[in-house]
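Structure file entry12.cif; described as mmCIF, C-alpha atoms.
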data_upload
#
loop_
_atom_site.label_atom_id
_atom_site.label_comp_id
_atom_site.auth_asym_id
_atom_site.auth_seq_id
_atom_site.Cartn_x
_atom_site.Cartn_y
_atom_site.Cartn_z
CA MET A 5 -15.43 -46.19 -11.46
CA ALA A 6 -13.46 -43.03 -12.14
CA LEU A 7 -10.46 -42.45 -9.93
CA GLY A 8 -11.64 -38.98 -8.97
CA GLU A 9 -14.96 -40.31 -7.74
CA LEU A 10 -13.21 -43.04 -5.77
CA GLU A 11 -10.91 -40.52 -4.11
CA ARG A 12 -13.95 -38.45 -3.20
CA ALA A 13 -15.69 -41.47 -1.71
CA VAL A 14 -12.64 -42.42 0.34
CA MET A 15 -12.29 -38.85 1.64
CA ALA A 16 -15.97 -38.85 2.57
CA GLN A 17 -15.39 -41.94 4.73
CA LEU A 18 -12.34 -40.43 6.42
CA TRP A 19 -14.19 -37.17 7.08
CA ALA A 20 -17.15 -39.06 8.53
CA ALA A 21 -15.05 -41.32 10.77
CA PRO A 22 -14.45 -40.24 14.36
CA ALA A 23 -11.02 -41.88 14.51
CA PRO A 24 -8.24 -42.84 12.08
CA LEU A 25 -9.14 -45.83 9.87
CA THR A 26 -7.14 -48.74 8.55
CA VAL A 27 -7.25 -49.64 4.87
CA ARG A 28 -9.48 -52.59 5.75
CA GLU A 29 -11.93 -50.35 7.60
CA VAL A 30 -12.09 -47.89 4.71
CA HIS A 31 -12.57 -50.77 2.31
CA ASP A 32 -15.44 -52.20 4.34
CA ARG A 33 -17.16 -48.85 4.80
CA LEU A 34 -17.13 -48.11 1.06
CA GLU A 35 -19.61 -50.96 0.49
CA ARG A 36 -18.55 -51.36 -3.13
CA GLU A 37 -17.01 -54.12 -5.20
CA LEU A 38 -13.45 -52.96 -4.81
CA ALA A 39 -10.14 -54.70 -4.41
CA TYR A 40 -8.37 -54.09 -1.13
CA THR A 41 -5.27 -52.99 -3.05
CA THR A 42 -7.29 -50.39 -4.96
CA VAL A 43 -8.30 -48.74 -1.70
CA MET A 44 -4.69 -48.91 -0.55
CA THR A 45 -3.52 -47.24 -3.77
CA VAL A 46 -6.12 -44.49 -3.46
CA LEU A 47 -5.13 -43.82 0.16
CA GLY A 48 -1.50 -43.69 -0.91
CA ARG A 49 -2.33 -41.16 -3.62
CA LEU A 50 -4.29 -39.02 -1.19
CA ALA A 51 -1.42 -39.15 1.31
CA LYS A 52 0.95 -38.02 -1.45
CA LYS A 53 -1.34 -35.07 -2.15
CA GLY A 54 -1.10 -34.14 1.50
CA VAL A 55 -4.81 -34.36 2.24
CA VAL A 56 -4.52 -37.63 4.15
CA ARG A 57 -2.15 -38.41 7.01
CA GLN A 58 -0.69 -41.83 7.57
CA GLU A 59 0.20 -42.99 11.07
CA ARG A 60 1.73 -46.29 12.04
CA ASP A 61 -0.30 -48.35 14.48
CA GLY A 62 1.56 -51.53 15.27
CA LYS A 63 1.89 -53.40 11.99
CA ALA A 64 -0.85 -51.55 10.11
CA TYR A 65 -1.18 -47.97 8.93
CA ARG A 66 -4.09 -45.84 9.98
CA TYR A 67 -5.34 -42.99 7.84
CA THR A 68 -6.97 -39.74 8.79
CA ALA A 69 -7.96 -36.60 6.89
CA ALA A 70 -5.31 -33.91 7.30
CA SER A 71 -7.94 -31.21 7.64
CA THR A 72 -11.70 -31.04 7.87
CA ARG A 73 -13.90 -30.52 4.85
CA GLU A 74 -14.73 -27.00 6.00
CA GLN A 75 -11.09 -26.09 6.52
CA LEU A 76 -10.09 -27.34 3.10
CA ALA A 77 -12.99 -25.51 1.43
CA ALA A 78 -12.08 -22.29 3.26
CA SER A 79 -8.43 -22.63 2.26
CA LEU A 80 -9.43 -23.05 -1.38
CA MET A 81 -11.54 -19.91 -1.28
CA LEU A 82 -8.69 -18.01 0.37
CA ASP A 83 -6.43 -19.33 -2.39
CA ALA A 84 -8.82 -17.93 -5.02
CA LEU A 85 -9.15 -14.66 -3.10
CA GLY A 86 -5.40 -14.42 -2.69
CA ASP A 87 -4.97 -14.00 -6.42
CA VAL A 88 -5.15 -10.21 -6.30
CA GLY A 89 -2.77 -7.33 -5.71
CA GLU A 90 0.96 -7.97 -5.95
CA ASP A 91 0.47 -11.73 -5.72
CA ARG A 92 -1.77 -11.78 -8.76
CA THR A 93 -0.80 -14.66 -11.01
CA ALA A 94 -3.96 -15.31 -13.05
CA ALA A 95 -3.96 -18.87 -11.73
CA LEU A 96 -7.57 -18.55 -10.59
CA VAL A 97 -10.11 -15.99 -11.69
CA ALA A 98 -12.76 -15.00 -9.16
CA PHE A 99 -16.15 -13.61 -10.20
CA VAL A 100 -15.65 -10.92 -7.59
CA ASP A 101 -12.13 -10.86 -6.18
CA GLN A 102 -12.92 -9.28 -2.85
CA VAL A 103 -15.23 -10.30 -0.04
CA GLY A 104 -16.51 -8.14 2.79
CA PRO A 105 -14.84 -8.14 6.23
CA GLU A 106 -17.58 -10.38 7.68
CA GLU A 107 -17.15 -12.98 4.96
CA ALA A 108 -13.38 -12.83 5.32
CA ALA A 109 -13.77 -13.38 9.07
CA ALA A 110 -16.11 -16.32 8.40
CA LEU A 111 -13.52 -17.90 6.09
CA ARG A 112 -10.78 -17.46 8.67
CA ALA A 113 -13.02 -18.93 11.34
CA ALA A 114 -13.75 -21.92 9.09
CA LEU A 115 -10.03 -22.37 8.58
CA GLN A 116 -9.43 -22.45 12.33
CA ALA A 117 -12.48 -24.54 13.24
CA GLY A 118 -12.42 -28.26 13.88
CA PRO A 119 -10.41 -30.56 16.09
CA GLY A 120 -7.47 -28.86 17.72
CA ALA A 121 -5.06 -31.58 16.67
CA VAL A 122 -5.62 -30.73 13.00
CA PRO A 123 -2.94 -28.44 11.60
CA PRO A 124 -4.06 -25.54 9.41
CA PRO A 125 -4.38 -26.64 5.78
CA ALA A 126 -1.62 -24.18 4.95
CA ALA A 127 0.68 -27.05 5.89
CA ALA A 128 -1.06 -29.24 3.36
CA MET A 129 -1.20 -26.44 0.79
CA PRO A 130 2.22 -24.84 0.87
CA GLU A 131 1.41 -22.61 -2.08
CA VAL A 132 -1.55 -20.81 -0.56
CA PRO A 133 -0.60 -17.14 -0.87
CA GLN A 134 -1.37 -14.45 1.66
CA PRO A 135 -4.98 -13.45 1.13
CA ARG A 136 -5.62 -9.77 0.66
CA THR A 137 -9.11 -8.73 1.56
CA ASP A 138 -10.76 -5.89 3.38
CA GLY A 139 -10.09 -5.70 7.08
CA MET A 140 -8.35 -9.02 7.17
CA PRO A 141 -5.00 -9.65 8.78
CA SER A 142 -2.82 -11.43 6.27
CA GLY A 143 -1.92 -15.07 6.30
CA PRO A 144 -3.89 -18.11 7.38
CA GLU A 145 -1.20 -19.25 9.80
CA ARG A 146 -0.83 -15.98 11.67
CA GLY A 147 -4.35 -15.91 13.09
CA PRO A 148 -5.39 -16.59 16.65
CA GLU A 149 -4.65 -20.17 17.64
CA SER A 150 -7.71 -22.28 18.10
CA MET B 2 18.04 9.28 -34.99
CA ALA B 3 16.13 6.00 -35.03
CA SER B 4 17.36 5.02 -31.57
CA VAL B 5 16.31 8.37 -30.12
CA TRP B 6 12.87 8.15 -31.68
CA LEU B 7 12.41 4.57 -30.48
CA ALA B 8 13.58 5.40 -26.96
CA ALA B 9 11.15 8.31 -26.82
CA LEU B 10 8.36 6.11 -28.11
CA ALA B 11 9.12 3.41 -25.54
CA LEU B 12 9.05 5.99 -22.74
CA VAL B 13 5.75 7.47 -23.89
CA LEU B 14 4.12 4.05 -24.34
CA ALA B 15 5.37 2.88 -20.95
CA GLY B 16 4.46 5.98 -18.96
CA PRO B 17 1.91 8.63 -19.97
CA VAL B 18 -0.12 6.48 -22.38
CA PRO B 19 -1.05 3.75 -19.84
CA SER B 20 -1.76 6.43 -17.21
CA VAL B 21 -4.23 8.20 -19.48
CA LEU B 22 -5.80 5.04 -20.86
CA ALA B 23 -6.27 3.51 -17.41
CA ARG B 24 -8.21 6.57 -16.27
CA ALA B 25 -10.35 6.89 -19.42
CA GLN B 26 -13.98 5.78 -19.30
CA TRP B 27 -14.54 5.01 -22.98
CA PRO B 28 -12.61 1.69 -23.02
CA GLN B 29 -15.34 0.22 -20.81
CA ARG B 30 -17.77 0.63 -23.69
CA VAL B 31 -15.66 -1.53 -26.00
CA PRO B 32 -13.78 -3.90 -23.67
CA ARG B 33 -12.63 -6.33 -26.34
CA ALA B 34 -11.15 -3.64 -28.60
CA ALA B 35 -9.67 -1.86 -25.58
CA ILE B 36 -7.88 -5.05 -24.48
CA VAL B 37 -6.39 -5.39 -27.98
CA LEU B 38 -5.24 -1.76 -27.74
CA TRP B 39 -3.57 -2.45 -24.38
CA GLN B 40 -1.81 -5.46 -25.88
CA ALA B 41 -0.65 -3.42 -28.88
CA ILE B 42 0.70 -0.71 -26.59
CA ALA B 43 2.57 -3.25 -24.47
CA LEU B 44 4.00 -4.98 -27.54
CA ALA B 45 5.03 -1.70 -29.16
CA ALA B 46 6.65 -0.46 -25.95
CA VAL B 47 8.77 -3.61 -25.59
CA LEU B 48 9.70 -3.64 -29.29
CA ALA B 49 10.61 0.06 -29.21
CA ALA B 50 12.83 -0.42 -26.17
CA VAL B 51 14.59 -3.39 -27.76
CA GLY B 52 14.89 -1.57 -31.10
CA SER B 53 16.33 1.51 -29.45
CA ALA B 54 18.94 -0.59 -27.65
CA LEU B 55 19.91 -2.25 -30.91
CA ALA B 56 19.99 0.92 -33.00
CA ALA B 57 21.92 3.18 -30.62
CA PRO B 58 25.42 1.62 -30.90
CA GLU B 59 25.07 1.13 -34.65
CA GLU B 60 24.13 4.76 -35.19
CA LEU B 61 26.90 5.93 -32.91
CA LEU B 62 29.42 3.92 -34.92
CA ARG B 63 28.17 5.32 -38.17
CA ALA B 64 28.50 8.84 -36.81
CA LEU B 65 32.11 8.26 -35.76
CA GLY B 66 33.59 7.89 -39.20
CA PRO B 67 35.30 5.05 -41.06
CA GLU B 68 38.69 4.98 -39.29
CA GLN B 69 37.17 4.31 -35.84
CA ARG B 70 34.82 1.67 -37.09
CA GLN B 71 37.02 -1.34 -36.47
CA GLY B 72 38.47 -3.44 -33.74
CA THR B 73 37.55 -2.85 -30.14
CA THR B 74 35.08 0.00 -30.73
CA MET B 75 33.09 -2.28 -32.96
CA VAL B 76 33.13 -5.15 -30.47
CA VAL B 77 32.19 -2.92 -27.54
CA ALA B 78 29.34 -1.32 -29.46
CA VAL B 79 27.89 -4.63 -30.55
CA ALA B 80 28.27 -6.04 -27.04
CA ILE B 81 26.45 -3.12 -25.46
CA ALA B 82 23.61 -3.41 -27.96
CA ALA B 83 23.31 -7.14 -27.41
CA ILE B 84 23.38 -6.86 -23.62
CA LEU B 85 20.79 -4.07 -23.45
CA ALA B 86 18.37 -5.72 -25.86
CA GLY B 87 19.02 -9.14 -24.32
CA LEU B 88 18.33 -7.86 -20.81
CA ILE B 89 14.88 -6.68 -21.80
CA VAL B 90 13.97 -9.80 -23.75
CA LEU B 91 15.49 -12.31 -21.34
CA ARG B 92 14.01 -10.63 -18.29
CA LEU B 93 10.55 -10.78 -19.83
CA LEU B 94 10.95 -14.36 -21.05
CA GLY B 95 12.38 -15.50 -17.71
CA VAL B 96 9.51 -14.01 -15.76
CA LEU B 97 7.00 -15.43 -18.22
CA VAL B 98 8.35 -18.98 -17.93
CA LEU B 99 8.61 -18.88 -14.14
CA LEU B 100 5.10 -17.46 -13.85
CA ALA B 101 3.70 -20.06 -16.24
CA VAL B 102 5.22 -22.92 -14.26
CA ARG B 103 4.05 -21.60 -10.89
CA THR B 104 0.59 -20.77 -12.21
CA ARG B 105 0.07 -24.21 -13.70
CA ARG B 106 1.35 -26.00 -10.62
CA ARG B 107 -0.95 -23.99 -8.38
CA ARG B 108 -3.90 -24.62 -10.68
CA ALA B 109 -3.30 -28.37 -10.83
CA ARG B 110 -3.13 -28.52 -7.05
CA HIS B 111 -6.25 -26.40 -6.70
CA ARG B 112 -8.14 -28.49 -9.25
CA ASP B 113 -7.26 -31.67 -7.35
CA MET B 114 -8.62 -30.24 -4.12
CA VAL B 115 -11.78 -28.87 -5.72
CA ASP B 116 -12.47 -32.28 -7.24
CA LEU B 117 -12.08 -33.91 -3.83
CA LEU B 118 -14.38 -31.46 -2.10
CA ASP B 119 -17.11 -31.37 -4.73
CA ARG B 120 -20.63 -31.77 -3.41
CA ALA B 121 -21.41 -34.11 -6.27
CA GLU B 122 -25.12 -34.26 -5.51
CA ARG B 123 -25.51 -30.49 -5.91
CA SER B 124 -23.20 -29.97 -8.88
CA ALA B 125 -25.00 -32.78 -10.75
CA LEU B 126 -28.26 -30.86 -10.36
CA ILE B 127 -26.99 -27.70 -12.05
CA GLY B 128 -24.41 -29.39 -14.24
CA GLY B 129 -26.82 -29.56 -17.14
CA GLY B 130 -27.61 -25.86 -16.86
CA GLY B 131 -25.71 -24.88 -19.95
CA ALA B 132 -22.18 -24.79 -18.55
CA LYS B 133 -19.74 -26.66 -20.75
CA SER B 134 -17.00 -26.97 -18.16
CA VAL B 135 -16.97 -29.26 -15.19
CA LEU B 136 -18.82 -27.61 -12.35
CA ARG B 137 -17.77 -28.05 -8.72
CA VAL B 138 -19.73 -27.07 -5.63
CA LEU B 139 -17.84 -26.31 -2.41
CA ASP B 140 -19.50 -26.12 0.95
CA GLY B 141 -19.07 -22.91 2.82
CA ALA B 142 -21.08 -20.00 4.13
CA VAL B 143 -19.52 -17.36 1.87
CA PRO B 144 -21.16 -16.78 -1.54
CA PHE B 145 -18.32 -17.11 -3.99
CA ALA B 146 -17.70 -18.15 -7.58
CA TYR B 147 -14.52 -18.53 -9.59
CA CYS B 148 -12.92 -20.58 -12.30
CA VAL B 149 -9.76 -22.63 -12.58
CA PRO B 150 -8.57 -22.06 -16.16
CA GLY B 151 -6.45 -24.45 -18.14
CA ARG B 152 -6.85 -27.53 -20.25
CA ALA B 153 -9.11 -29.25 -17.71
CA PRO B 154 -11.01 -26.19 -16.51
CA ARG B 155 -13.35 -26.04 -13.55
CA VAL B 156 -16.10 -23.63 -12.62
CA VAL B 157 -16.43 -23.46 -8.85
CA VAL B 158 -19.33 -22.08 -6.82
CA THR B 159 -20.07 -22.37 -3.12
CA GLU B 160 -23.27 -23.74 -1.66
CA ALA B 161 -23.87 -20.29 -0.19
CA ALA B 162 -23.74 -18.86 -3.70
CA LEU B 163 -26.32 -21.39 -4.90
CA ASP B 164 -28.56 -20.41 -2.00
CA THR B 165 -28.12 -16.68 -2.59
CA LEU B 166 -28.59 -16.52 -6.35
CA ASP B 167 -31.81 -17.17 -8.20
CA ALA B 168 -31.77 -19.43 -11.26
CA ASP B 169 -31.23 -16.60 -13.76
CA GLU B 170 -28.47 -15.02 -11.72
CA LEU B 171 -26.72 -18.37 -11.39
CA ARG B 172 -26.89 -18.88 -15.15
CA ALA B 173 -25.41 -15.40 -15.62
CA VAL B 174 -22.52 -16.21 -13.27
CA LEU B 175 -21.86 -19.55 -14.99
CA ALA B 176 -21.95 -17.86 -18.41
CA HIS B 177 -19.50 -15.25 -17.11
CA GLU B 178 -17.04 -17.91 -15.93
CA GLN B 179 -17.53 -19.96 -19.08
CA ALA B 180 -16.65 -16.88 -21.16
CA HIS B 181 -13.37 -16.56 -19.23
CA LEU B 182 -12.56 -20.21 -19.91
CA ASP B 183 -13.63 -20.31 -23.58
CA ALA B 184 -11.69 -17.22 -24.57
CA ARG B 185 -8.69 -18.12 -22.37
CA HIS B 186 -8.80 -14.72 -20.67
CA ASP B 187 -6.26 -16.12 -18.23
CA LEU B 188 -3.56 -16.03 -20.95
CA VAL B 189 -4.19 -12.34 -21.60
CA ARG B 190 -4.09 -11.69 -17.89
CA GLU B 191 -0.93 -13.75 -17.49
CA GLY B 192 0.85 -11.64 -20.12
CA PHE B 193 0.17 -8.43 -18.24
CA VAL B 194 1.03 -10.01 -14.89
CA ALA B 195 4.39 -11.05 -16.38
CA LEU B 196 4.95 -7.57 -17.82
CA HIS B 197 4.36 -6.06 -14.40
CA GLN B 198 6.60 -8.56 -12.63
CA ALA B 199 9.37 -7.98 -15.18
CA PHE B 200 9.16 -4.18 -15.17
CA PRO B 201 7.44 -3.19 -11.94
CA VAL B 202 8.81 0.33 -11.43
CA LEU B 203 9.78 2.23 -14.57
CA ALA B 204 6.72 1.40 -16.63
CA ARG B 205 3.11 1.90 -15.66
CA SER B 206 2.70 -1.84 -15.86
CA ARG B 207 0.52 -2.09 -12.76
CA GLN B 208 -2.09 0.24 -14.23
CA ALA B 209 -2.02 -1.81 -17.43
CA ARG B 210 -2.46 -5.09 -15.57
CA ASP B 211 -5.31 -3.84 -13.41
CA ALA B 212 -7.10 -2.06 -16.25
CA VAL B 213 -6.90 -5.15 -18.46
CA GLY B 214 -8.10 -7.30 -15.53
CA MET B 215 -11.19 -5.15 -15.17
CA LEU B 216 -11.85 -5.05 -18.92
CA LEU B 217 -11.69 -8.87 -18.99
CA GLU B 218 -14.29 -9.02 -16.22
CA MET B 219 -16.48 -6.62 -18.17
CA LEU B 220 -16.08 -8.71 -21.31
CA ALA B 221 -17.22 -11.77 -19.35
CA ASP B 222 -20.06 -9.74 -17.84
CA ASP B 223 -21.21 -8.97 -21.38
CA ALA B 224 -21.28 -12.71 -22.14
CA GLY B 225 -23.46 -13.24 -19.07
CA ARG B 226 -25.72 -10.36 -20.10
CA SER B 227 -26.23 -11.69 -23.60
CA ARG B 228 -26.77 -15.28 -22.43
CA CYS B 229 -29.22 -14.22 -19.72
CA SER B 230 -30.20 -10.63 -19.05
CA ASP B 231 -28.87 -7.35 -17.70
CA THR B 232 -31.08 -7.78 -14.64
CA ALA B 233 -29.67 -11.22 -13.84
CA MET B 234 -26.07 -10.04 -14.25
CA ALA B 235 -26.67 -6.98 -12.07
CA GLY B 236 -28.38 -9.14 -9.45
CA ALA B 237 -25.42 -11.52 -9.35
CA LEU B 238 -22.93 -8.68 -8.96
CA GLU B 239 -25.02 -7.17 -6.18
CA ALA B 240 -25.21 -10.50 -4.38
CA PHE B 241 -21.45 -11.02 -4.43
CA GLY B 242 -19.98 -7.55 -4.39
CA ALA B 243 -18.34 -6.37 -1.19
CA ALA B 244 -19.35 -2.85 -0.22
CA GLY B 245 -16.90 -0.28 -1.50
CA ASP B 246 -15.23 -2.52 -4.06
CA THR B 247 -14.59 0.01 -6.81
CA GLU B 248 -14.12 -2.57 -9.55
CA VAL B 249 -17.44 -4.25 -8.83
CA GLY B 250 -19.02 -0.80 -8.56
CA ALA B 251 -17.84 0.09 -12.05
CA ARG B 252 -19.02 -3.26 -13.46
CA LEU B 253 -22.40 -2.89 -11.79
CA ALA B 254 -22.89 0.69 -13.01
CA ARG B 255 -22.04 -0.47 -16.50
CA VAL B 256 -24.52 -3.37 -16.45
CA ARG B 257 -27.23 -1.23 -14.89
CA ALA B 258 -26.78 1.46 -17.54
CA GLN B 259 -27.23 -1.32 -20.12
CA ALA B 260 -24.10 -0.02 -21.78
CA CYS B 261 -23.66 -1.34 -25.25
CA GLY B 262 -20.63 -0.86 -27.41
CA SER B 263 -20.49 1.46 -30.35
CA ARG B 264 -19.22 -0.07 -33.57
CA ALA B 265 -17.47 3.16 -34.58
CA LEU B 266 -15.64 3.36 -31.26
CA ALA B 267 -14.61 -0.28 -31.50
CA THR B 268 -13.32 0.17 -35.06
CA GLY B 269 -11.42 3.29 -34.06
CA THR B 270 -9.84 1.45 -31.14
CA TYR B 271 -8.76 -1.48 -33.34
CA LEU B 272 -7.27 0.98 -35.85
CA ALA B 273 -5.40 2.74 -33.05
CA ALA B 274 -4.07 -0.63 -31.87
CA ALA B 275 -2.81 -1.46 -35.37
CA ALA B 276 -1.31 2.02 -35.76
CA VAL B 277 0.63 1.78 -32.49
CA VAL B 278 2.54 -1.21 -33.87
CA VAL B 279 2.64 -0.44 -37.59
CA VAL B 280 3.41 3.29 -37.71
CA PRO B 281 6.69 3.18 -35.74
CA THR B 282 7.80 0.17 -37.77
CA VAL B 283 7.20 1.89 -41.10
CA ALA B 284 8.30 5.36 -40.03
CA VAL B 285 11.38 4.54 -37.95
CA VAL B 286 12.52 0.93 -38.05
CA ILE B 287 12.39 0.30 -41.81
CA PRO B 288 14.25 3.54 -42.72
CA TRP B 289 16.90 2.69 -40.13
CA LEU B 290 17.30 -0.85 -41.46
CA ALA B 291 17.54 0.54 -45.00
CA VAL B 292 20.60 2.53 -43.93
CA ALA B 293 22.06 0.22 -41.30
CA LEU B 294 22.05 -3.03 -43.27
CA PRO B 295 24.06 -1.74 -46.25
CA ALA B 296 26.35 0.08 -43.80
CA ALA B 297 26.94 -3.14 -41.90
CA GLY B 298 27.76 -4.78 -45.23
CA VAL B 299 30.35 -2.07 -45.91
CA LEU B 300 31.80 -2.45 -42.42
CA ARG B 301 32.56 -6.10 -42.93
#

Please go through the file and, once you have read it, give me the structure as structure tokens.
Amino acid sequence: MALGELERAVMAQLWAAPAPLTVREVHDRLERELAYTTVMTVLGRLAKKGVVRQERDGKAYRYTAASTREQLAASLMLDALGDVGEDRTAALVAFVDQVGPEEAAALRAALQAGPGAVPPPAAAMPEVPQPRTDGMPSGPERGPES
Amino acid sequence: MASVWLAALALVLAGPVPSVLARAQWPQRVPRAAIVLWQAIALAAVLAAVGSALAAPEELLRALGPEQRQGTTMVVAVAIAAILAGLIVLRLLGVLVLLAVRTRRRRARHRDMVDLLDRAERSALIGGGGAKSVLRVLDGAVPFAYCVPGRAPRVVVTEAALDTLDADELRAVLAHEQAHLDARHDLVREGFVALHQAFPVLARSRQARDAVGMLLEMLADDAGRSRCSDTAMAGALEAFGAAGDTEVGARLARVRAQACGSRALATGTYLAAAAVVVVPTVAVVIPWLAVALPAAGVLR
């Protein structure tokens, strides 16, 4: 199985789980013919990318998604939208590089939504630039605290 | 005189010319040729500035007379020329390298995240719809589409976009993004972004960057129009466009008017682009070299 697909499957399990999971729990939930060490490697890679957080629980590590699916998706869209104005870098090219104030508000709301313990994905994505859109205060981290 | 001519040319190409061209309507009829013209103007402006910096001290020396042409005067003149020309070239190269590194790092990161978030079941459904690049579907309530250029490109659409667009409109959007990726429009864009970052105040580099950005969108719109239809492209722009976005307004008006390029206008624009680079070289630089090179031989 491709590594990308495996990473996606592991993330799906972490996003679906109500509490942090151990490697063993992730391995069992995947219901595939996989080596335990493969799952461990994938979790390590995801932690390195900053999308998974590792916490020590006694002898074992427990893993949890650093942000919800919705938050991550919203941060990606803000990243693509942020590529305008003075910050323009041509890294990403949007079909239409501006959204209306309502859509911008929806994206910001999605970024803030989810469990309160979850930090904004800006922490996981240090290179997210300040989005510039209509009627939108700049910066994902400067919004109202949820 | 060469240095004076080149300095004047650099000033004109950096100031009034971009101002006028950015406001003109005709480039929208021939976006591809107009982009080449913008590139030629940018190239000629940089070359003229560098050439002027190189020619000025040499011409000054030649005007001074033989007895002053040695020792310190010579060294100072050459140093000034080298520093001025070097500043322009190094500044541009430095910005270009830094921008390239940051852009690629950000893209790689973004691509990783998009791959993780992909709604595989939905992207598999449309994946066969003619798009050559890997398609990714993000969940989210905002209709949105973009591409991540590079060697492993991605076309990204949101689920809301899939729900908003009809099949034809979706194909038009995918064709638009695919055109960006196939023709590496991002490299053209990156060049003008670098030019603006390197020379943000003196030159009208912002107008150039934004005008070229819009022309690239129009070029991709044309790909979508020819792959699908004007109606589908217009529908997609209407579905996504925020009210009052002037760039989208211009693109939409252009698609609705079924604007098609004129071959004569395109040819004229290409000729102008060639002339901007060739004429100063033949008229100013070569005559100067013809005098300066033998003179430098005599000096030594």

Worksheet item: At what distance in Å, to one decimal, does CA of Ala94 (chain A) lie from CA of Asp187 (chain B)?
Response: 5.7 Å

Only residues of chain B matter here; which ones have an atom within 6 Å of chain A, counting only C-alpha atoms? Give them as a PDB file with C-alpha atoms, in the frame of the given file.
ATOM      1  CA  THR B 104       0.590 -20.770 -12.210  1.00  0.00           C
ATOM      2  CA  ARG B 108      -3.900 -24.620 -10.680  1.00  0.00           C
ATOM      3  CA  LEU B 117     -12.080 -33.910  -3.830  1.00  0.00           C
ATOM      4  CA  VAL B 143     -19.520 -17.360   1.870  1.00  0.00           C
ATOM      5  CA  ALA B 146     -17.700 -18.150  -7.580  1.00  0.00           C
ATOM      6  CA  TYR B 147     -14.520 -18.530  -9.590  1.00  0.00           C
ATOM      7  CA  CYS B 148     -12.920 -20.580 -12.300  1.00  0.00           C
ATOM      8  CA  VAL B 149      -9.760 -22.630 -12.580  1.00  0.00           C
ATOM      9  CA  ASP B 187      -6.260 -16.120 -18.230  1.00  0.00           C
ATOM     10  CA  GLU B 191      -0.930 -13.750 -17.490  1.00  0.00           C
ATOM     11  CA  ALA B 243     -18.340  -6.370  -1.190  1.00  0.00           C
TER      12      ALA B 243
END

Practice prompt. Would you work out the distance separating CA of Arg105 (chain B) from CA of Val138 (chain B), expressed in Å to one decimal?
Written response: 21.6 Å

Chain and number of each residue from the PyMOL selection byres ((chain B and resi 245-254) around 12), as a compact mmCIF listing (two decimals) with C-alpha atoms, in the coordinates of the input:
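And here's expr.txt as it stands now:
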# COMPACT_ATOMS: atom_id res chain seq x y z
CA ALA A 98 -12.76 -15.00 -9.16
CA PHE A 99 -16.15 -13.61 -10.20
CA VAL A 100 -15.65 -10.92 -7.59
CA ASP A 101 -12.13 -10.86 -6.18
CA GLN A 102 -12.92 -9.28 -2.85
CA VAL A 103 -15.23 -10.30 -0.04
CA GLY A 104 -16.51 -8.14 2.79
CA PRO A 105 -14.84 -8.14 6.23
CA THR A 137 -9.11 -8.73 1.56
CA ASP A 138 -10.76 -5.89 3.38
CA GLN B 26 -13.98 5.78 -19.30
CA GLN B 29 -15.34 0.22 -20.81
CA ARG B 30 -17.77 0.63 -23.69
CA PRO B 32 -13.78 -3.90 -23.67
CA ASP B 211 -5.31 -3.84 -13.41
CA ALA B 212 -7.10 -2.06 -16.25
CA VAL B 213 -6.90 -5.15 -18.46
CA GLY B 214 -8.10 -7.30 -15.53
CA MET B 215 -11.19 -5.15 -15.17
CA LEU B 216 -11.85 -5.05 -18.92
CA LEU B 217 -11.69 -8.87 -18.99
CA GLU B 218 -14.29 -9.02 -16.22
CA MET B 219 -16.48 -6.62 -18.17
CA LEU B 220 -16.08 -8.71 -21.31
CA ALA B 221 -17.22 -11.77 -19.35
CA ASP B 222 -20.06 -9.74 -17.84
CA ASP B 223 -21.21 -8.97 -21.38
CA ARG B 226 -25.72 -10.36 -20.10
CA ASP B 231 -28.87 -7.35 -17.70
CA THR B 232 -31.08 -7.78 -14.64
CA ALA B 233 -29.67 -11.22 -13.84
CA MET B 234 -26.07 -10.04 -14.25
CA ALA B 235 -26.67 -6.98 -12.07
CA GLY B 236 -28.38 -9.14 -9.45
CA ALA B 237 -25.42 -11.52 -9.35
CA LEU B 238 -22.93 -8.68 -8.96
CA GLU B 239 -25.02 -7.17 -6.18
CA ALA B 240 -25.21 -10.50 -4.38
CA PHE B 241 -21.45 -11.02 -4.43
CA GLY B 242 -19.98 -7.55 -4.39
CA ALA B 243 -18.34 -6.37 -1.19
CA ALA B 244 -19.35 -2.85 -0.22
CA ARG B 255 -22.04 -0.47 -16.50
CA VAL B 256 -24.52 -3.37 -16.45
CA ARG B 257 -27.23 -1.23 -14.89
CA ALA B 258 -26.78 1.46 -17.54
CA GLN B 259 -27.23 -1.32 -20.12
CA ALA B 260 -24.10 -0.02 -21.78

Practice prompt. Evaluate the PyMOL selection byres ((chain B and resi 15) around 10) on the structure here and hand back the selected residues as a ChimeraX atom specification.
Written response: /B:9-14,16-20,42-43,45-47,50,200,203-206,209

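Near Thr159 (chain B), within 7 Å and counting all atoms listed in the file, sit B:Val138, B:Leu139, B:Asp140, B:Gly141, B:Pro144, B:Phe145, B:Ala146, B:Ala162, B:Leu163; same-chain residues fewer than 3 positions away were not included.
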
Practice prompt. Give me the result of the PyMOL selection byres ((chain B and resi 80-95) around 7) on this file, residue by residue, as a PyMOL selection string.
Written response: chain B and resi 51+54-55+58+76-79+96-99+196+199

Worksheet entry | d(CA of Leu100 (chain B), CA of Arg152 (chain B)) in Å |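 Computing the Euclidean distance for CA of Leu100 (chain B) and CA of Arg152 (chain B) yields 16.9 Å.
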
Discussion item. Taking all atoms listed in the file into account, name the residue in A:Ala69, A:Ala51, A:Leu82, A:Val43 that is nearest to Ala23 (chain A).
Written reply: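 Between A:Ala69, A:Ala51, A:Leu82, A:Val43, the residue approaching Ala23 (chain A) most closely is A:Ala69.
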